[in-house]
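Chemist: Mind having a look at this structure? Questions to follow.
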2 protein chains.
Amino acid sequence: MFTKLKSYEKLKTLAKDPIDLTNKEIFTLDRVKKMQVNLSSSCNLDFILLYATERVTQDVINSLFELANEAKALSKMKDMQDGKTINSLRKCESENRKVLHTAMRDFFENQNTSKEAKLATVLASKELKKLEEFLKRINTNDKFQNIVQIGIGGSFLGPKALASALKKYTLKNRKFYFIANVDPDDSCYVLDNIDLSKTLFVSVSKSGTTLETLTNEEIVKDRLRKKGLNPKDHMACITSKHSPMDDSSKYLESFYIWDYVGGRYSATSMVGGVLIGFCFGIDIFKDLLKGASYMDKIALKKGKDNLPLFSALLGIWNRNFLGYSNEAIIPYSQALLYFPLHLQQLDMESNGKSINKDCEKVLFKTGPIIFGDIATNAQHSFFQLLHQGSDIVPIEFIGFKKSQLERDLKIKGTLSQEKLLSNMFAQSIALAQGQKNKNPNKNFSGNRVNHILLANRLEPYTLGALLSYFEHKIAFQGFIWDINSFDQEGVQLGKILANKFLDIFAKKEVDFDIGKQYLKFLQFD
Amino acid sequence: MFTKLKSYEKLKTLAKDPIDLTNKEIFTLDRVKKMQVNLSSSCNLDFILLYATERVTQDVINSLFELANEAKALSKMKDMQDGKTINSLRKCESENRKVLHTAMRDFFENQNTSKEAKLATVLASKELKKLEEFLKRINTNDKFQNIVQIGIGGSFLGPKALASALKKYTLKNRKFYFIANVDPDDSCYVLDNIDLSKTLFVSVSKSGTTLETLTNEEIVKDRLRKKGLNPKDHMACITSKHSPMDDSSKYLESFYIWDYVGGRYSATSMVGGVLIGFCFGIDIFKDLLKGASYMDKIALKKGKDNLPLFSALLGIWNRNFLGYSNEAIIPYSQALLYFPLHLQQLDMESNGKSINKDCEKVLFKTGPIIFGDIATNAQHSFFQLLHQGSDIVPIEFIGFKKSQLERDLKIKGTLSQEKLLSNMFAQSIALAQGQKNKNPNKNFSGNRVNHILLANRLEPYTLGALLSYFEHKIAFQGFIWDINSFDQEGVQLGKILANKFLDIFAKKEVDFDIGKQYLKFLQFD
């Protein structure tokens with residue numbers, strides 16, 4: 001158990017008196033230079049993690065790596081990528097599945113040699129081929145300009161985050177939209193504003209039974225029919241083979257996913273692939289996969305260049321030893337506007353758990369509460385609390401040396417990109433160092449921990465690597481806590497009760513008195 | 001001081017053994033019926049607050065109202081709306097300003113009789129008149145179809161939240177956009193996709209000196225000139241009278257705001273008004289103001305029908321007595337997509353403070369960390385943690401009996417709107433009640449507190465009332481904690497350091513060695 005690991009005690013002791021970043025003799029340039037993980041020296045990736053602004057010493061870092069070692073983090077990562085059944089619990093019933101989102105992109109080098117992983121890669125590769133042919137087919141008759149993905153949760157947030165980050169690469173006349181919410185206003189606003197005759201719809205549901213998605217799909221079909229269009233000519237689906245959705249009479253094409261690709265980890269499967277391929281071309285999607293796969297390999301490496309593990313450990317230090325509940329993700333890049341929302345799901349759905357793999361209630365904190373927004377927008381919004389609030393919120397900044405579009409204007413001596421980066425570096429240092437002032441209102445207590453992940457420019461390859469970095473960071477934390485990061489049993493109870501309410505609305509017989517009275521009291525007839 | 005109030009001790013005692021919502025003899029329909037604030041009986045507004053799913057008893061509620069009483073919450077609210085200098089600290093230097101966003105909308109009934117408030121209302125009324133005439137003028141020649149608001153923080157998040165909620169009312173061919181981030185990619189993506197010759201730009205900066213906004217304004221002007229267009233013919237501004245931005249040679253019109261309207265409280269001033277008036281018409285904006293003003297009056301009322309005060313007290317119970325750090329805002333309405341981001345700023349920038357009005361460091365928790373997302377999208381994203389995570393996150397649900405557009409389809413016996421509401425009610429109850437299960441992975445501990453604010457339909461008037469409800473909820477919390485909710489000194493240090501970094505990029509002389517070395521080390525030349 002996590003709290004029984006030897007290094008746990010050592011870290012507890014170290015956390016009693018963490019290093020003081022407001023001390024200018026401690027927070028020096030030398031510290032900044034030493035406290036970096038620079039992948040460009042050991043790997044072919046220009047990521048630098050700057051962590052001098054965390055309350056860590058070399059001793060803390062070493063102890064954290066001991067912790068990872070004791071918890072067998074690396075071999076668990078290997079098990080995952082090898083297709084062992086790790087979506088499981090040891091002492092109670094659970095999903096008992098493999099976790100193989102890494103196989104969705106393991107096409108390029110050092111292919112995994114385990115039988116399970118190989119098989120998954122072959123199947124994924126077939127789907128990619130299918131997608132290539134599908135795109136060729138629909139590009140020939142040039143019928144579609146819009147793509148609308150109908151999906152929710154992992155079928156929505158990941159693809160939206162990636163597609164928004166890739167806008168630069170948009171093919172001529174291609175546009176993407178999403179319908180997720182079951183609120184009927186959501187589909188209305190999307191469908192009212194596009195030419196349905198030029199639109200490809202893609203329904204995404206692994207089980208083929210997701211309430212919101214099936215409902216929205218029916219609304220779309222109804223609209224298509226009312227326009228005199230045949231739904232079948234406008235729809236594809238992404239689902240499991242033989243799911244209720246897998247019906248070739250209804251779709252132009254069925255793309256497959258498998259139970260070993262969790263919704264929130266599915267962005268590099270066809271769940272992201274169809275939309276990304278349609279809007280930006282298959283080569284952009286492949287570049288994304290290459291970047292993700294490259295980071296997958298880094299996650300298997302021993303040593304401190306294992307960037308996702310490093311980041312996971314900084315998170316554990318802040319969460320379990322310094323006691324912080326939240327983590328903010330602040331990308332200094334407009335293209336990553338929707339990335340924090342995806343990471344919020346990825347992290348909170350994976351690690352928002354209260355039992356360990358032995359099915360015992362854990363007595364320590366698991367996944368933090370994640371939120372975020374981009375760059376200076378966030379600074380002008382909630383950074384007041386981050387600087388002077390009564391809680392400390394660890395921050396992960398993400399920045400790029402160059403802007404994505406590289407179209408910039410020098411105003412008052414600097415480019416906008418320089419203004420952007422100046423702000424990011426300034427925030428990182430200001431939060432850590434603080435500043436004393438005689439006026440208590442102008443006093444900054446400092447020691448507000450953060451780190452920066454810096455890369456050169458946000459390209460498809462970088463984006464893939466960034467996505468994989470976070471996927472593995474989260475997985476590593478789950479491995480170290482010994483929880484199952486891959487199920488989501490917590491969403492079931494709400495679903496069951498919602499169905500009972502639905503039955504009342506549908507005037508069906510239902511044994512749910514409080515629900516009936518509740519709606520009556522609120523004057524729903 | 002907050003912790004010295006008599007009722008504080010009483011509440012501390014009550015919090016030691018809060019009511020157990022998982023007990024089915026406690027969580028009954030009777031409780032649901034009793035634990036509501038229904039405004040439609042006492043006020044002319046169809047808001048119901050359902051709080052049976054909070055861990056409160058009548059005793060707790062009474063004690064919370066005693067707390068408000070001891071803290072003089074109501075008379076402080078009156079002081080605010082009367083224009084007393086409440087943006088101030090008693091024992092150290094601060095902004096020393098009035099706080100009169102309520103005067104921006106006090107045109108309709110029971111006008112405030114204080115001299116300061118009256119004067120502010122007269123000035124605001126003039127601006128509204130100016131806006132009406134401006135809109136008539138530009139509507140006559142029908143030149144503009146797009147409006148782009150250039151602003152950040154309060155000049156961005158509030159107007160965006162409101163405009164997005166009002167899309168239903170969009171006038172023919174009108175569209176709105178925002179440029180906020182200093183990332184040059186932000187302005188590029190907006191400007192590349194609109195017809196500049198048909199676009200009105202509105203620059204918003206109270207001081208007239210906001211770095212991001214001035215930079216983006218220059219980028220816009222550069223683009224206009226390159227298209228052969230005269231910037232002056234395409235630009236209006238919203239700023240303080242006599243600010244560096246208030247220059248009639250540069251703008252079609254200057255609209256004014258005042259130092260007594262904080263950025264995050266400015267959505268009902270011209271900061272929101274110009275864009276809302278342009279896109280939806282002046283009458284929609286007036287309806288919004290009416291709703292806000294009506295809620296302003298409710299905030300002055302004694303008794304438990306004071307909805308913002310009620311909500312503020314529930315928040316204080318959860319924050320200071322039950323010890324929760326966060327609060328999630330989950331609207332079950334697509335139209336409120338951007339509302340949580342606005343509330344995040346409103347709350348965290350207002351109450352993310354560590355000193356009281358006597359300039360002493362407070363020894364209790366102030367403003368919580370706010371995040372949120374809409375409806376079923378949120379359920380499929382981070383609700384796993386809300387149900388089974390190791391932290392309890394209080395939730396404020398916001399729902400409407402009817403969808404905004406009222407275009408719906410019955411599928412499998414129910415409308416989408418019924419599906420939406422079924423989910424909201426189910427989540428609220430599931431989180432509170434929990435559910436025991438022999439399988440620890442299917443066990444729901446319950447007592448995950450939340451409440452629902454329910455209204456009939458999201459119309460401009462309702463939206464205004466909703467905005468004001470949150471503004472006053474936050475103000476009340478600040479009053480009770482005795483902190484200043486109206487300054488934002490915490491954002492200054494980052495600004496100062498950012499300017500130093502900028503000077504290095506601009507190759508100016510600057511006494512900031514660590515910054516210079518930092519950039520050199522990161523290989524910026």
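As shown in the structure tokens, the chain order sets the letters A, B, ...; within each chain, residues go from 1, and ligands are also counted from 1 in the order they appear.
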List the spatial neighbours of Asp259 of chain B as a PyMOL selection string - criterion: any atom at most 9 Å away, only C-alpha atoms, same-chain residues fewer than 5 positions off excluded.
Modeler: chain B and resi 97-99+206-207+240
Chemist: Output the selection as a CSV table (one decimal), in the first residue's frame - N, CA, C and O atoms for each residue.
Modeler:
```csv
chain,number,residue,atom,x,y,z
B,97,ARG,N,-12.6,53.0,-3.3
B,97,ARG,CA,-13.6,53.4,-4.3
B,97,ARG,C,-15.0,52.9,-3.9
B,97,ARG,O,-15.1,52.0,-3.0
B,98,LYS,N,-15.9,53.5,-4.5
B,98,LYS,CA,-17.3,53.0,-4.4
B,98,LYS,C,-17.4,51.8,-5.2
B,98,LYS,O,-16.6,51.5,-6.0
B,99,VAL,N,-18.5,51.1,-5.0
B,99,VAL,CA,-18.8,49.8,-5.7
B,99,VAL,C,-20.2,49.9,-6.2
B,99,VAL,O,-21.2,49.6,-5.5
B,206,LYS,N,-10.7,49.8,-19.0
B,206,LYS,CA,-11.1,50.9,-18.1
B,206,LYS,C,-10.0,51.9,-18.0
B,206,LYS,O,-10.2,53.1,-18.1
B,207,SER,N,-8.8,51.4,-17.8
B,207,SER,CA,-7.7,52.3,-17.6
B,207,SER,C,-7.2,52.9,-18.9
B,207,SER,O,-6.4,53.8,-19.0
B,240,SER,N,-12.6,54.7,-19.3
B,240,SER,CA,-12.9,55.8,-18.4
B,240,SER,C,-12.8,57.1,-19.2
B,240,SER,O,-11.9,57.3,-20.0
```
Chemist: What's the 12 Å shell around Arg319 of chain B, counting only C-alpha atoms, without same-chain residues fewer than 4 positions away, as an MDAnalysis selection string?
Modeler: (chainID A and resid 390:391) or (chainID B and resid 12 15 312:315 323:327 364:370 392:395 449 477 481)
Chemist: Within 12 Å of Ile61 of chain B, counting only C-alpha atoms, which residues qualify if same-chain residues fewer than 4 places away don't, as a list in words?
Modeler: Ser7, Lys10, Leu11, Leu14, Ala15, Met35, Gln36, Val37, Tyr51, Ala52, Glu54, Arg55, Val56, Thr57, Phe65, Glu66, Leu67, Ala68, Gly303, Lys304, Leu309, Phe310, Ser311, Ala312, Leu313, Leu314, Gly315, Ile316 and Trp317 of chain B
Chemist: What's the separation between atom CA of Lys168 of chain A and atom CA of Thr462 of chain A, in Å to one decimal place?
Modeler: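 Spanning atom CA of Lys168 of chain A to atom CA of Thr462 of chain A is a straight-line distance of 14.0 Å.
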Chemist: List the neighbours of segment 143-154 of chain A out to 8 Å using only C-alpha atoms; skip same-chain residues closer than 3 positions along the sequence, and give me the result as number ranges by chain.
Modeler: A: 138-139, 157-159, 173-181, 194, 197-205, 212-213, 216-217, 262-267, 275, 278-279, 345; B: 377-381
Chemist: What lies within 9 Å of Lys500 of chain B using only C-alpha atoms, ignoring chain neighbours under 5 positions off, as a PDB file with C-alpha atoms, in the first residue's frame?
Modeler:
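Written file, result.pdb:
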```pdb
ATOM      1  CA  SER A 422       7.113  37.137 -20.663  1.00  0.00           C
ATOM      2  CA  ALA A 426       6.812  36.114 -14.842  1.00  0.00           C
TER       3      ALA A 426
ATOM      4  CA  LYS B 495       2.499  42.288 -14.259  1.00  0.00           C
ATOM      5  CA  PHE B 505      13.078  40.996 -25.065  1.00  0.00           C
ATOM      6  CA  VAL B 510      16.793  46.315 -16.975  1.00  0.00           C
ATOM      7  CA  ASP B 511      17.934  45.413 -13.514  1.00  0.00           C
ATOM      8  CA  PHE B 512      16.655  41.841 -13.509  1.00  0.00           C
ATOM      9  CA  GLY B 515      15.353  37.100 -15.864  1.00  0.00           C
TER      10      GLY B 515
END
```
Chemist: With only C-alpha atoms as the basis for distance, which of B:Leu322, B:Leu502, B:Cys237, B:Leu89 is at the shortest distance from Asn439 of chain A?
Modeler: B:Leu89
Chemist: List the spatial neighbours of Lys301 of chain B as a PyMOL selection string - criterion: any atom at most 10 Å away, only C-alpha atoms, same-chain residues fewer than 5 positions off excluded.
Modeler: chain B and resi 74+77-78+296+306-307+309
Chemist: When you look at segment 90-93 of chain B with a cut-off of 9 Å (counting only C-alpha atoms), what residues show up, excluding the ones that are within fewer than 6 positions of it in the same chain? I need them as an MDAnalysis selection string.
Modeler: (chainID A and resid 439:441) or (chainID B and resid 357:360)
Chemist: Just all heavy atoms for this one: save the residues we selected as a PDB file, in the first residue's frame.
Modeler:
```pdb
ATOM      1  N   ASN A 439       2.768  46.949   3.141  1.00  0.00           N
ATOM      2  CA  ASN A 439       1.309  46.927   3.014  1.00  0.00           C
ATOM      3  C   ASN A 439       0.864  45.466   2.847  1.00  0.00           C
ATOM      4  O   ASN A 439       1.164  44.838   1.832  1.00  0.00           O
ATOM      5  CB  ASN A 439       0.899  47.747   1.791  1.00  0.00           C
ATOM      6  CG  ASN A 439      -0.617  47.811   1.636  1.00  0.00           C
ATOM      7  OD1 ASN A 439      -1.340  46.952   2.169  1.00  0.00           O
ATOM      8  ND2 ASN A 439      -1.084  48.815   0.914  1.00  0.00           N
ATOM      9  N   PRO A 440       0.161  44.930   3.843  1.00  0.00           N
ATOM     10  CA  PRO A 440      -0.208  43.504   3.773  1.00  0.00           C
ATOM     11  C   PRO A 440      -1.008  43.166   2.508  1.00  0.00           C
ATOM     12  O   PRO A 440      -1.007  42.027   2.067  1.00  0.00           O
ATOM     13  CB  PRO A 440      -1.085  43.308   5.026  1.00  0.00           C
ATOM     14  CG  PRO A 440      -0.745  44.435   5.928  1.00  0.00           C
ATOM     15  CD  PRO A 440      -0.364  45.588   5.045  1.00  0.00           C
ATOM     16  N   ASN A 441      -1.672  44.168   1.947  1.00  0.00           N
ATOM     17  CA  ASN A 441      -2.457  43.909   0.739  1.00  0.00           C
ATOM     18  C   ASN A 441      -1.573  43.743  -0.488  1.00  0.00           C
ATOM     19  O   ASN A 441      -1.997  43.215  -1.508  1.00  0.00           O
ATOM     20  CB  ASN A 441      -3.464  45.042   0.510  1.00  0.00           C
ATOM     21  CG  ASN A 441      -4.624  44.612  -0.369  1.00  0.00           C
ATOM     22  OD1 ASN A 441      -5.033  43.465  -0.336  1.00  0.00           O
ATOM     23  ND2 ASN A 441      -5.145  45.548  -1.156  1.00  0.00           N
TER      24      ASN A 441
ATOM     25  N   LYS B 357     -10.333  43.329   6.359  1.00  0.00           N
ATOM     26  CA  LYS B 357     -10.362  44.772   6.103  1.00  0.00           C
ATOM     27  C   LYS B 357      -9.530  45.552   7.116  1.00  0.00           C
ATOM     28  O   LYS B 357      -9.199  46.716   6.898  1.00  0.00           O
ATOM     29  CB  LYS B 357     -11.802  45.269   6.024  1.00  0.00           C
ATOM     30  CG  LYS B 357     -12.521  44.662   4.801  1.00  0.00           C
ATOM     31  CD  LYS B 357     -13.796  45.396   4.428  1.00  0.00           C
ATOM     32  CE  LYS B 357     -13.505  46.524   3.460  1.00  0.00           C
ATOM     33  NZ  LYS B 357     -14.714  47.172   2.941  1.00  0.00           N
ATOM     34  N   ASP B 358      -9.156  44.894   8.213  1.00  0.00           N
ATOM     35  CA  ASP B 358      -8.197  45.501   9.136  1.00  0.00           C
ATOM     36  C   ASP B 358      -6.751  45.215   8.725  1.00  0.00           C
ATOM     37  O   ASP B 358      -5.817  45.502   9.472  1.00  0.00           O
ATOM     38  CB  ASP B 358      -8.420  44.966  10.566  1.00  0.00           C
ATOM     39  CG  ASP B 358      -9.656  45.594  11.199  1.00  0.00           C
ATOM     40  OD1 ASP B 358     -10.000  46.737  10.826  1.00  0.00           O
ATOM     41  OD2 ASP B 358     -10.286  44.933  12.052  1.00  0.00           O
ATOM     42  N   CYS B 359      -6.576  44.604   7.555  1.00  0.00           N
ATOM     43  CA  CYS B 359      -5.240  44.317   7.016  1.00  0.00           C
ATOM     44  C   CYS B 359      -4.489  43.259   7.819  1.00  0.00           C
ATOM     45  O   CYS B 359      -3.245  43.224   7.811  1.00  0.00           O
ATOM     46  CB  CYS B 359      -4.403  45.596   6.911  1.00  0.00           C
ATOM     47  SG  CYS B 359      -5.217  46.831   5.891  1.00  0.00           S
ATOM     48  N   GLU B 360      -5.242  42.434   8.520  1.00  0.00           N
ATOM     49  CA  GLU B 360      -4.611  41.307   9.223  1.00  0.00           C
ATOM     50  C   GLU B 360      -4.780  40.041   8.393  1.00  0.00           C
ATOM     51  O   GLU B 360      -5.816  39.841   7.748  1.00  0.00           O
ATOM     52  CB  GLU B 360      -5.315  41.067  10.566  1.00  0.00           C
ATOM     53  CG  GLU B 360      -5.255  42.230  11.524  1.00  0.00           C
ATOM     54  CD  GLU B 360      -6.389  42.197  12.534  1.00  0.00           C
ATOM     55  OE1 GLU B 360      -7.331  41.384  12.357  1.00  0.00           O
ATOM     56  OE2 GLU B 360      -6.338  42.987  13.490  1.00  0.00           O
TER      57      GLU B 360
END
```
Chemist: Taking only C-alpha atoms into account, name the residue in A:Leu214, A:Ile496, A:Leu346, A:Leu29 that is nearest to Phe382 of chain B.
Modeler: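 Nearest candidate to Phe382 of chain B out of A:Leu214, A:Ile496, A:Leu346, A:Leu29: A:Leu346.
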Chemist: Out of B:Leu224, B:Ala335, B:Leu39, B:Leu5, which residue has the shortest atom-to-atom distance to Leu463 of chain B when counting only C-alpha atoms?
Modeler: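 Using only C-alpha atoms, Leu463 of chain B sits closest to B:Ala335.
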Chemist: Using only C-alpha atoms for the distances, tell me which of A:Lys227, A:Arg105, A:Lys507, A:Lys250 is nearest to chain B.
Modeler: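 Once distances to chain B are computed over only C-alpha atoms, the minimum belongs to A:Lys507.
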Chemist: In Å, how far is it from atom CA of Gln433 of chain B to atom CA of Leu21 of chain B?
Modeler: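 Rounded to one decimal, the two atoms are 5.5 Å apart.
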Chemist: Hey, which of A:Pro331, A:Pro231, A:Gly478, A:Pro184 ends up closest to chain B? Count only C-alpha atoms.
Modeler: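 Of A:Pro331, A:Pro231, A:Gly478, A:Pro184, the one nearest chain B is A:Pro184, counting only C-alpha atoms.
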Chemist: Just the alpha helix (DSSP H) stuff from segment 301-333 of chain B, please, per backbone DSSP, written as a PyMOL selection string.
Modeler: chain B and resi 307-316
Chemist: Keeping only all heavy atoms, write the selected residues to a file as a compact mmCIF listing (two decimals), in the first residue's frame.
Modeler:
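Written file, part.txt:
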```
# COMPACT_ATOMS: atom_id res chain seq x y z
N LEU B 307 -32.31 35.55 -1.66
CA LEU B 307 -31.70 34.38 -2.29
C LEU B 307 -30.17 34.45 -2.37
O LEU B 307 -29.49 33.46 -2.07
CB LEU B 307 -32.31 34.19 -3.69
CG LEU B 307 -32.22 32.78 -4.26
CD1 LEU B 307 -33.10 31.82 -3.48
CD2 LEU B 307 -32.64 32.79 -5.72
N PRO B 308 -29.60 35.59 -2.78
CA PRO B 308 -28.12 35.63 -2.83
C PRO B 308 -27.50 35.43 -1.45
O PRO B 308 -26.49 34.74 -1.32
CB PRO B 308 -27.82 37.03 -3.35
CG PRO B 308 -29.08 37.56 -3.92
CD PRO B 308 -30.20 36.83 -3.28
N LEU B 309 -28.13 35.98 -0.43
CA LEU B 309 -27.60 35.80 0.92
C LEU B 309 -27.73 34.34 1.35
O LEU B 309 -26.80 33.77 1.93
CB LEU B 309 -28.35 36.71 1.92
CG LEU B 309 -27.91 36.58 3.39
CD1 LEU B 309 -26.42 36.85 3.56
CD2 LEU B 309 -28.72 37.52 4.28
N PHE B 310 -28.84 33.73 1.01
CA PHE B 310 -29.05 32.32 1.35
C PHE B 310 -27.94 31.46 0.74
O PHE B 310 -27.32 30.63 1.40
CB PHE B 310 -30.42 31.86 0.85
CG PHE B 310 -30.96 30.69 1.60
CD1 PHE B 310 -31.99 30.86 2.54
CD2 PHE B 310 -30.45 29.42 1.41
CE1 PHE B 310 -32.48 29.78 3.25
CE2 PHE B 310 -30.94 28.34 2.13
CZ PHE B 310 -31.95 28.51 3.05
N SER B 311 -27.70 31.71 -0.52
CA SER B 311 -26.68 30.93 -1.23
C SER B 311 -25.29 31.21 -0.68
O SER B 311 -24.46 30.30 -0.53
CB SER B 311 -26.77 31.27 -2.72
OG SER B 311 -25.77 30.63 -3.42
N ALA B 312 -25.03 32.46 -0.34
CA ALA B 312 -23.74 32.83 0.25
C ALA B 312 -23.52 32.05 1.55
O ALA B 312 -22.43 31.54 1.81
CB ALA B 312 -23.70 34.33 0.54
N LEU B 313 -24.57 31.93 2.33
CA LEU B 313 -24.45 31.26 3.63
C LEU B 313 -24.25 29.75 3.46
O LEU B 313 -23.45 29.14 4.18
CB LEU B 313 -25.68 31.56 4.49
CG LEU B 313 -25.78 33.02 4.95
CD1 LEU B 313 -27.14 33.31 5.57
CD2 LEU B 313 -24.65 33.36 5.93
N LEU B 314 -24.93 29.16 2.49
CA LEU B 314 -24.68 27.74 2.21
C LEU B 314 -23.21 27.55 1.84
O LEU B 314 -22.55 26.59 2.26
CB LEU B 314 -25.57 27.23 1.07
CG LEU B 314 -27.07 27.11 1.36
CD1 LEU B 314 -27.82 26.69 0.09
CD2 LEU B 314 -27.35 26.11 2.49
N GLY B 315 -22.69 28.47 1.05
CA GLY B 315 -21.29 28.40 0.65
C GLY B 315 -20.35 28.51 1.85
O GLY B 315 -19.36 27.78 1.95
N ILE B 316 -20.67 29.40 2.76
CA ILE B 316 -19.84 29.59 3.96
C ILE B 316 -19.90 28.35 4.85
O ILE B 316 -18.89 27.92 5.43
CB ILE B 316 -20.27 30.88 4.69
CG1 ILE B 316 -19.69 32.07 3.91
CG2 ILE B 316 -19.81 30.89 6.14
CD1 ILE B 316 -20.00 33.42 4.49
```
